[in-house]
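With mmCIF, C-alpha atoms and all ligand atoms inside, this is target.cif:
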```
data_final
#
loop_
_atom_site.group_PDB
_atom_site.id
_atom_site.type_symbol
_atom_site.label_atom_id
_atom_site.label_comp_id
_atom_site.auth_asym_id
_atom_site.auth_seq_id
_atom_site.Cartn_x
_atom_site.Cartn_y
_atom_site.Cartn_z
ATOM 1 C CA MET N 94 -16.585 -13.320 9.744
ATOM 2 C CA ARG N 95 -17.752 -12.448 6.242
ATOM 3 C CA PRO N 96 -20.388 -10.064 4.859
ATOM 4 C CA TYR N 97 -23.875 -11.268 3.863
ATOM 5 C CA ILE N 98 -23.541 -12.110 0.150
ATOM 6 C CA ILE N 99 -26.191 -11.699 -2.563
ATOM 7 C CA ILE N 100 -25.204 -12.709 -6.106
ATOM 8 C CA ASN N 101 -27.230 -11.367 -9.015
ATOM 9 C CA VAL N 102 -26.639 -11.893 -12.715
ATOM 10 C CA ALA N 103 -28.582 -11.679 -15.982
ATOM 11 C CA MET N 104 -28.024 -14.519 -18.444
ATOM 12 C CA ALA N 105 -29.215 -15.305 -21.972
ATOM 13 C CA LEU N 106 -30.940 -18.639 -22.578
ATOM 14 C CA ASN N 107 -27.677 -20.089 -23.955
ATOM 15 C CA GLY N 108 -25.706 -19.219 -20.812
ATOM 16 C CA LYS N 109 -24.035 -16.000 -21.996
ATOM 17 C CA ILE N 110 -23.783 -12.949 -19.749
ATOM 18 C CA SER N 111 -22.204 -10.613 -22.329
ATOM 19 C CA SER N 112 -21.732 -10.446 -26.073
ATOM 20 C CA ALA N 113 -18.413 -10.640 -27.941
ATOM 21 C CA SER N 114 -18.519 -6.886 -28.437
ATOM 22 C CA GLY N 115 -18.993 -6.312 -24.685
ATOM 23 C CA ARG N 116 -21.965 -4.744 -22.944
ATOM 24 C CA CYS N 117 -25.448 -5.812 -23.969
ATOM 25 C CA LYS N 118 -28.771 -5.508 -22.174
ATOM 26 C CA ILE N 119 -29.848 -8.943 -20.974
ATOM 27 C CA SER N 120 -31.961 -7.869 -18.007
ATOM 28 C CA SER N 121 -35.464 -6.375 -18.291
ATOM 29 C CA ASP N 122 -36.855 -3.092 -16.924
ATOM 30 C CA ASN N 123 -38.717 -4.668 -13.999
ATOM 31 C CA ASP N 124 -35.815 -6.944 -13.208
ATOM 32 C CA LEU N 125 -33.468 -3.949 -13.143
ATOM 33 C CA GLN N 126 -35.753 -2.305 -10.572
ATOM 34 C CA ARG N 127 -35.424 -5.443 -8.415
ATOM 35 C CA VAL N 128 -31.626 -5.151 -8.665
ATOM 36 C CA MET N 129 -31.738 -1.429 -7.791
ATOM 37 C CA ASP N 130 -33.732 -2.304 -4.661
ATOM 38 C CA ILE N 131 -31.019 -4.756 -3.610
ATOM 39 C CA ARG N 132 -28.299 -2.157 -4.314
ATOM 40 C CA ARG N 133 -30.050 0.283 -1.952
ATOM 41 C CA ARG N 134 -30.245 -2.354 0.810
ATOM 42 C CA VAL N 135 -26.637 -3.569 0.855
ATOM 43 C CA ASP N 136 -23.473 -1.827 2.069
ATOM 44 C CA ALA N 137 -21.660 -2.305 -1.267
ATOM 45 C CA VAL N 138 -21.794 -3.666 -4.823
ATOM 46 C CA LEU N 139 -18.824 -5.792 -5.950
ATOM 47 C CA ILE N 140 -17.561 -6.412 -9.508
ATOM 48 C CA GLY N 141 -14.358 -7.578 -11.227
ATOM 49 C CA ALA N 142 -11.916 -5.395 -13.154
ATOM 50 C CA ASN N 143 -12.927 -6.849 -16.539
ATOM 51 C CA THR N 144 -16.514 -5.753 -15.996
ATOM 52 C CA VAL N 145 -15.269 -2.201 -15.444
ATOM 53 C CA ILE N 146 -13.192 -2.397 -18.648
ATOM 54 C CA ASN N 147 -15.932 -3.971 -20.798
ATOM 55 C CA ASP N 148 -19.074 -2.295 -19.422
ATOM 56 C CA ASN N 149 -17.877 0.822 -17.585
ATOM 57 C CA PRO N 150 -20.868 0.645 -15.183
ATOM 58 C CA GLU N 151 -21.844 3.507 -12.883
ATOM 59 C CA LEU N 152 -23.507 1.218 -10.321
ATOM 60 C CA ASN N 153 -26.078 3.872 -9.480
ATOM 61 C CA ASN N 154 -28.104 3.582 -6.279
ATOM 62 C CA SER N 155 -25.275 1.803 -4.489
ATOM 63 C CA ARG N 156 -23.629 3.203 -1.359
ATOM 64 C CA CYS N 157 -20.186 1.867 -2.175
ATOM 65 C CA ARG N 158 -18.558 0.241 -5.220
ATOM 66 C CA ILE N 159 -15.948 -2.495 -4.689
ATOM 67 C CA VAL N 160 -13.768 -3.506 -7.638
ATOM 68 C CA LEU N 161 -11.514 -6.580 -7.484
ATOM 69 C CA ASP N 162 -8.405 -5.584 -9.414
ATOM 70 C CA GLY N 163 -5.602 -7.860 -8.247
ATOM 71 C CA ASN N 164 -2.989 -6.547 -10.665
ATOM 72 C CA LEU N 165 -4.226 -2.953 -10.618
ATOM 73 C CA LYS N 166 -4.861 -2.681 -14.338
ATOM 74 C CA LEU N 167 -7.559 0.013 -14.064
ATOM 75 C CA SER N 168 -6.768 3.680 -14.473
ATOM 76 C CA GLY N 169 -8.898 6.764 -13.925
ATOM 77 C CA ASN N 170 -11.117 6.936 -17.011
ATOM 78 C CA TYR N 171 -14.022 4.845 -15.766
ATOM 79 C CA HIS N 172 -17.294 5.768 -14.040
ATOM 80 C CA VAL N 173 -16.212 3.949 -10.870
ATOM 81 C CA PHE N 174 -13.636 6.745 -10.461
ATOM 82 C CA ASP N 175 -16.133 9.593 -10.929
ATOM 83 C CA GLY N 176 -16.135 10.414 -7.200
ATOM 84 C CA ARG N 177 -19.964 10.378 -6.959
ATOM 85 C CA ILE N 178 -20.034 7.176 -4.902
ATOM 86 C CA LYS N 179 -17.285 5.739 -2.718
ATOM 87 C CA THR N 180 -15.118 3.206 -4.587
ATOM 88 C CA ILE N 181 -12.806 0.629 -2.997
ATOM 89 C CA ILE N 182 -10.217 -1.091 -5.196
ATOM 90 C CA VAL N 183 -9.081 -4.453 -3.815
ATOM 91 C CA SER N 184 -5.556 -5.165 -5.022
ATOM 92 C CA LYS N 185 -2.229 -6.866 -4.356
ATOM 93 C CA TYR N 186 -0.605 -3.469 -4.969
ATOM 94 C CA ASN N 187 -0.848 -0.714 -2.385
ATOM 95 C CA LYS N 188 -1.052 2.309 -4.674
ATOM 96 C CA LYS N 189 -3.143 5.490 -4.271
ATOM 97 C CA ILE N 190 -5.746 5.984 -7.002
ATOM 98 C CA ASP N 191 -7.694 9.238 -7.500
ATOM 99 C CA ASN N 192 -11.288 9.060 -6.249
ATOM 100 C CA ALA N 193 -10.875 5.577 -4.785
ATOM 101 C CA SER N 194 -9.582 3.896 -1.656
ATOM 102 C CA THR N 195 -7.224 0.976 -2.101
ATOM 103 C CA LEU N 196 -7.723 -2.089 0.073
ATOM 104 C CA PHE N 197 -4.343 -3.810 -0.083
ATOM 105 C CA VAL N 198 -4.598 -7.584 0.300
ATOM 106 C CA LYS N 199 -1.630 -9.909 0.684
ATOM 107 C CA ASN N 200 -3.544 -12.779 -0.867
ATOM 108 C CA THR N 201 -6.447 -12.706 -3.295
ATOM 109 C CA SER N 202 -8.449 -15.714 -2.147
ATOM 110 C CA ILE N 203 -12.068 -14.667 -1.991
ATOM 111 C CA GLU N 204 -12.422 -15.834 1.632
ATOM 112 C CA TYR N 205 -9.504 -13.644 2.697
ATOM 113 C CA ILE N 206 -10.872 -10.634 0.792
ATOM 114 C CA LEU N 207 -14.333 -11.039 2.361
ATOM 115 C CA ASP N 208 -12.769 -11.232 5.807
ATOM 116 C CA GLU N 209 -10.827 -8.011 5.148
ATOM 117 C CA LEU N 210 -13.925 -6.254 3.789
ATOM 118 C CA TYR N 211 -15.905 -7.273 6.877
ATOM 119 C CA ASN N 212 -13.164 -5.811 9.111
ATOM 120 C CA TYR N 213 -13.303 -2.668 6.941
ATOM 121 C CA GLY N 214 -16.991 -2.291 7.882
ATOM 122 C CA ILE N 215 -18.718 -3.842 4.854
ATOM 123 C CA LYS N 216 -21.377 -6.177 6.284
ATOM 124 C CA SER N 217 -23.452 -6.909 3.152
ATOM 125 C CA ILE N 218 -22.470 -7.137 -0.535
ATOM 126 C CA LEU N 219 -24.278 -7.511 -3.851
ATOM 127 C CA VAL N 220 -21.972 -9.395 -6.264
ATOM 128 C CA GLU N 221 -22.858 -8.404 -9.846
ATOM 129 C CA GLY N 222 -20.165 -10.072 -11.949
ATOM 130 C CA GLY N 223 -18.545 -10.936 -14.116
ATOM 131 C CA SER N 224 -18.195 -14.637 -14.611
ATOM 132 C CA ASN N 225 -14.692 -14.961 -13.100
ATOM 133 C CA VAL N 226 -15.764 -13.254 -9.883
ATOM 134 C CA ILE N 227 -19.133 -15.002 -9.534
ATOM 135 C CA ASN N 228 -17.559 -18.442 -10.008
ATOM 136 C CA GLN N 229 -15.153 -17.845 -7.121
ATOM 137 C CA PHE N 230 -18.170 -17.310 -4.858
ATOM 138 C CA ILE N 231 -19.973 -20.348 -6.301
ATOM 139 C CA ASP N 232 -16.919 -22.619 -5.994
ATOM 140 C CA LYS N 233 -16.575 -21.787 -2.307
ATOM 141 C CA LYS N 234 -20.374 -21.747 -1.772
ATOM 142 C CA LEU N 235 -20.023 -18.243 -0.423
ATOM 143 C CA PHE N 236 -23.490 -16.795 -0.893
ATOM 144 C CA ASP N 237 -26.662 -16.260 1.092
ATOM 145 C CA GLU N 238 -28.915 -15.351 -1.846
ATOM 146 C CA PHE N 239 -28.340 -15.920 -5.571
ATOM 147 C CA TYR N 240 -30.571 -14.690 -8.407
ATOM 148 C CA ILE N 241 -30.229 -15.462 -12.103
ATOM 149 C CA TYR N 242 -32.512 -13.568 -14.494
ATOM 150 C CA ILE N 243 -32.814 -15.588 -17.720
ATOM 151 C CA ASN N 244 -33.611 -13.707 -20.918
ATOM 152 C CA PRO N 245 -35.324 -16.028 -23.436
ATOM 153 C CA GLY N 246 -33.076 -14.740 -26.240
ATOM 154 C CA MET N 247 -29.633 -15.963 -27.323
ATOM 155 C CA VAL N 248 -26.352 -14.024 -27.330
ATOM 156 C CA LEU N 249 -23.596 -15.169 -29.689
ATOM 157 C CA ASN N 250 -19.910 -15.526 -28.744
ATOM 158 C CA GLY N 251 -19.971 -13.857 -25.345
ATOM 159 C CA THR N 252 -18.797 -14.776 -21.843
ATOM 160 C CA ASP N 253 -20.415 -17.894 -20.334
ATOM 161 C CA LEU N 254 -21.736 -17.632 -16.775
ATOM 162 C CA PHE N 255 -20.706 -21.197 -16.024
ATOM 163 C CA ASN N 256 -20.600 -24.637 -17.465
ATOM 164 C CA LEU N 257 -24.132 -25.819 -16.805
ATOM 165 C CA LYS N 258 -23.132 -29.405 -17.598
ATOM 166 C CA LYS N 259 -20.942 -29.378 -14.482
ATOM 167 C CA ARG N 260 -23.481 -27.797 -12.150
ATOM 168 C CA LYS N 261 -26.756 -28.948 -10.690
ATOM 169 C CA ILE N 262 -28.776 -26.043 -9.419
ATOM 170 C CA ILE N 263 -31.664 -26.158 -6.966
ATOM 171 C CA PHE N 264 -33.929 -23.186 -7.539
ATOM 172 C CA GLU N 265 -37.346 -21.589 -7.270
ATOM 173 C CA ILE N 266 -38.627 -20.039 -10.478
ATOM 174 C CA MET N 267 -40.854 -17.036 -11.210
ATOM 175 C CA SER N 268 -41.640 -15.028 -14.345
ATOM 176 C CA VAL N 269 -40.511 -11.414 -14.767
ATOM 177 C CA ASP N 270 -41.442 -9.529 -17.958
ATOM 178 C CA MET N 271 -40.565 -11.803 -20.904
ATOM 179 C CA GLY N 272 -37.942 -13.730 -18.921
ATOM 180 C CA ILE N 273 -37.704 -15.890 -15.823
ATOM 181 C CA LEU N 274 -35.996 -15.350 -12.501
ATOM 182 C CA LEU N 275 -34.242 -18.230 -10.745
ATOM 183 C CA ASN N 276 -33.880 -17.888 -6.999
ATOM 184 C CA VAL N 277 -30.972 -20.287 -6.499
ATOM 185 C CA LYS N 278 -31.298 -22.266 -3.273
ATOM 186 C CA GLY N 279 -28.232 -24.433 -3.676
ATOM 187 C CA ILE N 280 -25.555 -25.691 -6.068
ATOM 188 C CA LEU N 281 -24.472 -29.339 -6.136
ATOM 189 C CA ASP N 282 -21.087 -30.369 -7.571
HETATM 190 N N1 LIG N 301 -25.074 -10.085 -17.434
HETATM 191 C C1 LIG N 301 -24.651 -9.669 -16.258
HETATM 192 O O1 LIG N 301 -25.417 -9.659 -15.275
HETATM 193 C C2 LIG N 301 -23.236 -9.205 -16.103
HETATM 194 C C3 LIG N 301 -22.852 -8.559 -14.927
HETATM 195 C C4 LIG N 301 -21.521 -8.161 -14.802
HETATM 196 C C5 LIG N 301 -20.614 -8.419 -15.821
HETATM 197 N N2 LIG N 301 -21.037 -9.045 -16.942
HETATM 198 C C6 LIG N 301 -20.082 -9.338 -18.022
HETATM 199 O O2 LIG N 301 -18.995 -10.094 -17.517
HETATM 200 C C7 LIG N 301 -17.876 -9.853 -18.373
HETATM 201 C C8 LIG N 301 -16.611 -9.862 -17.560
HETATM 202 O O3 LIG N 301 -16.482 -11.097 -16.886
HETATM 203 P P1 LIG N 301 -15.050 -11.739 -16.661
HETATM 204 O O4 LIG N 301 -15.265 -13.095 -16.116
HETATM 205 O O5 LIG N 301 -14.275 -11.618 -17.929
HETATM 206 O O6 LIG N 301 -14.326 -10.764 -15.639
HETATM 207 P P2 LIG N 301 -14.692 -10.152 -14.199
HETATM 208 O O7 LIG N 301 -15.171 -11.238 -13.316
HETATM 209 O O8 LIG N 301 -15.529 -8.943 -14.353
HETATM 210 O O9 LIG N 301 -13.260 -9.629 -13.733
HETATM 211 C C9 LIG N 301 -12.186 -10.532 -13.607
HETATM 212 C C10 LIG N 301 -10.959 -9.772 -13.134
HETATM 213 O O10 LIG N 301 -11.169 -9.292 -11.788
HETATM 214 C C11 LIG N 301 -10.013 -9.445 -11.029
HETATM 215 N N3 LIG N 301 -10.264 -10.360 -9.919
HETATM 216 C C12 LIG N 301 -11.117 -11.419 -9.901
HETATM 217 N N4 LIG N 301 -11.081 -12.041 -8.731
HETATM 218 C C13 LIG N 301 -10.167 -11.379 -7.976
HETATM 219 C C14 LIG N 301 -9.692 -11.564 -6.657
HETATM 220 N N5 LIG N 301 -10.135 -12.571 -5.886
HETATM 221 N N6 LIG N 301 -8.772 -10.686 -6.183
HETATM 222 C C15 LIG N 301 -8.303 -9.679 -6.973
HETATM 223 N N7 LIG N 301 -8.711 -9.458 -8.234
HETATM 224 C C16 LIG N 301 -9.631 -10.302 -8.734
HETATM 225 C C17 LIG N 301 -8.978 -10.134 -11.873
HETATM 226 O O11 LIG N 301 -7.981 -9.232 -12.182
HETATM 227 P P3 LIG N 301 -6.424 -9.706 -12.120
HETATM 228 O O12 LIG N 301 -6.260 -10.635 -13.254
HETATM 229 O O13 LIG N 301 -5.669 -8.448 -12.210
HETATM 230 O O14 LIG N 301 -6.236 -10.398 -10.797
HETATM 231 C C18 LIG N 301 -9.728 -10.645 -13.084
HETATM 232 O O15 LIG N 301 -9.021 -10.522 -14.267
HETATM 233 C C19 LIG N 301 -18.110 -8.510 -19.034
HETATM 234 O O16 LIG N 301 -18.036 -8.666 -20.426
HETATM 235 C C20 LIG N 301 -19.476 -8.082 -18.582
HETATM 236 O O17 LIG N 301 -20.272 -7.594 -19.642
HETATM 237 C C21 LIG N 301 -22.315 -9.437 -17.107
#
```
Translate the structure of the given file into structure tokens.
Amino acid sequence: MRPYIIINVAMALNGKISSASGRCKISSDNDLQRVMDIRRRVDAVLIGANTVINDNPELNNSRCRIVLDGNLKLSGNYHVFDGRIKTIIVSKYNKKIDNASTLFVKNTSIEYILDELYNYGIKSILVEGGSNVINQFIDKKLFDEFYIYINPGMVLNGTDLFNLKKRKIIFEIMSVDMGILLNVKGILD
């Protein structure tokens, strides 16, 4: 069994989800409210370790923060360790971290991790990034809902969400603020 998975990401028109210098605001105010509503509905929000290092997000309005950190490179100076909201670190190393629980996993395949999280009591997850993490879910087609907010602007030299040339996406489209929201219905290889 695996949790219900919602992926959400904000992308610039040229496919970037962050700038070379790290965090940049790609989403819009109304779109952020939509994301906050999802955070309130799900059991946990999941991100990768690089997103913690680059963006240091607080992940407000979530009930639980899950960070994939296979090699346990994060230490205590990030908002996810502020103790305000429960944080679970998923890692190959079983080490105690202040203000977080460690979920030790013997293998880091995303299917195995989702199975372990389900057994841990996490029945629904919002996956917020970054690119490395989201692409593991896409590659295995492990999602129930997938939203991409597209900002009409360009971001230079940042992280790409994915290689659009390799993907065919089936989606519904709607406008939000100055951008557009894709509700992804399927991905063809
Ligand atoms: N625009 C948006 O909506 C948005 C949202 C979030 C993030 N971002 C951007 O995304 C960028 C980061 O993306 P990224 O692709 O570089 O990194 P990422 O996906 O945030 O994190 C990747 C790291 O997470 C760990 N990880 C991934 N999968 C794992 C697994 N199955 N098990 C255990 N650990 C796992 C790995 O650590 P190990 O190597 O130790 O295994 C890996 O190095 C940031 O710059 C951020 O600004 C944008």
- Could you give me the residues within 6 Å of ligand LIG 301 (chain N), counting all atoms listed in the file, as a PyMOL selection string? chain N and resi 102-104+110-111+115-116+140-144+147-148+161-165+184+201-203+221-226
- Message: So, with only C-alpha atoms as the atoms that count, which of N:Ile190, N:Ile100, N:Leu210, N:Ile266 lies closest to N:Lys166?
- Response: N:Ile190
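Atom pair atom CA of N:Asp237 / atom CA of N:Lys278: separated by 8.8 Å.
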- Task: Report the distance between atom CA of N:Asp175 and atom CA of N:Val138 in Å, rounded to one decimal place.
- Result: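 Distance between the two atoms: 15.7 Å.
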- Query: So which one's closest to N:Phe236, N:Met271, N:Leu219, N:Leu167, N:Ile98? Using only C-alpha atoms, please.
  - Reply: N:Ile98
- Any chance you could work out the residue set of the PyMOL selection byres (((chain N and resi 243-251) around 12) and not hetatm) here, as a PyMOL selection string? chain N and resi 101-122+124+147+223-224+240-242+252-255+266-276
- Please, what distance in Å, to one decimal, runs between atom CA of N:Ile182 and atom CA of N:Gln229?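 Atom CA of N:Gln229 lies at a distance of 17.6 Å from atom CA of N:Ile182.
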- Item | Evaluate the PyMOL selection byres (((chain N and resi 207) around 10) and not hetatm) and report residues as a list in words | Met94, Arg95, Pro96, Tyr97, Ile98, Thr201, Ser202, Ile203, Glu204, Tyr205, Ile206, Asp208, Glu209, Leu210, Tyr211, Asn212, Tyr213, Ile215, Lys216, Ile218 and Leu235 of chain N
Kindly save the residues from that selection, with C-alpha atoms included, as a PDB file, keeping the file's coordinate frame.
```pdb
ATOM      1  CA  MET N  94     -16.585 -13.320   9.744  1.00  0.00           C
ATOM      2  CA  ARG N  95     -17.752 -12.448   6.242  1.00  0.00           C
ATOM      3  CA  PRO N  96     -20.388 -10.064   4.859  1.00  0.00           C
ATOM      4  CA  TYR N  97     -23.875 -11.268   3.863  1.00  0.00           C
ATOM      5  CA  ILE N  98     -23.541 -12.110   0.150  1.00  0.00           C
ATOM      6  CA  THR N 201      -6.447 -12.706  -3.295  1.00  0.00           C
ATOM      7  CA  SER N 202      -8.449 -15.714  -2.147  1.00  0.00           C
ATOM      8  CA  ILE N 203     -12.068 -14.667  -1.991  1.00  0.00           C
ATOM      9  CA  GLU N 204     -12.422 -15.834   1.632  1.00  0.00           C
ATOM     10  CA  TYR N 205      -9.504 -13.644   2.697  1.00  0.00           C
ATOM     11  CA  ILE N 206     -10.872 -10.634   0.792  1.00  0.00           C
ATOM     12  CA  ASP N 208     -12.769 -11.232   5.807  1.00  0.00           C
ATOM     13  CA  GLU N 209     -10.827  -8.011   5.148  1.00  0.00           C
ATOM     14  CA  LEU N 210     -13.925  -6.254   3.789  1.00  0.00           C
ATOM     15  CA  TYR N 211     -15.905  -7.273   6.877  1.00  0.00           C
ATOM     16  CA  ASN N 212     -13.164  -5.811   9.111  1.00  0.00           C
ATOM     17  CA  TYR N 213     -13.303  -2.668   6.941  1.00  0.00           C
ATOM     18  CA  ILE N 215     -18.718  -3.842   4.854  1.00  0.00           C
ATOM     19  CA  LYS N 216     -21.377  -6.177   6.284  1.00  0.00           C
ATOM     20  CA  ILE N 218     -22.470  -7.137  -0.535  1.00  0.00           C
ATOM     21  CA  LEU N 235     -20.023 -18.243  -0.423  1.00  0.00           C
TER      22      LEU N 235
END
```
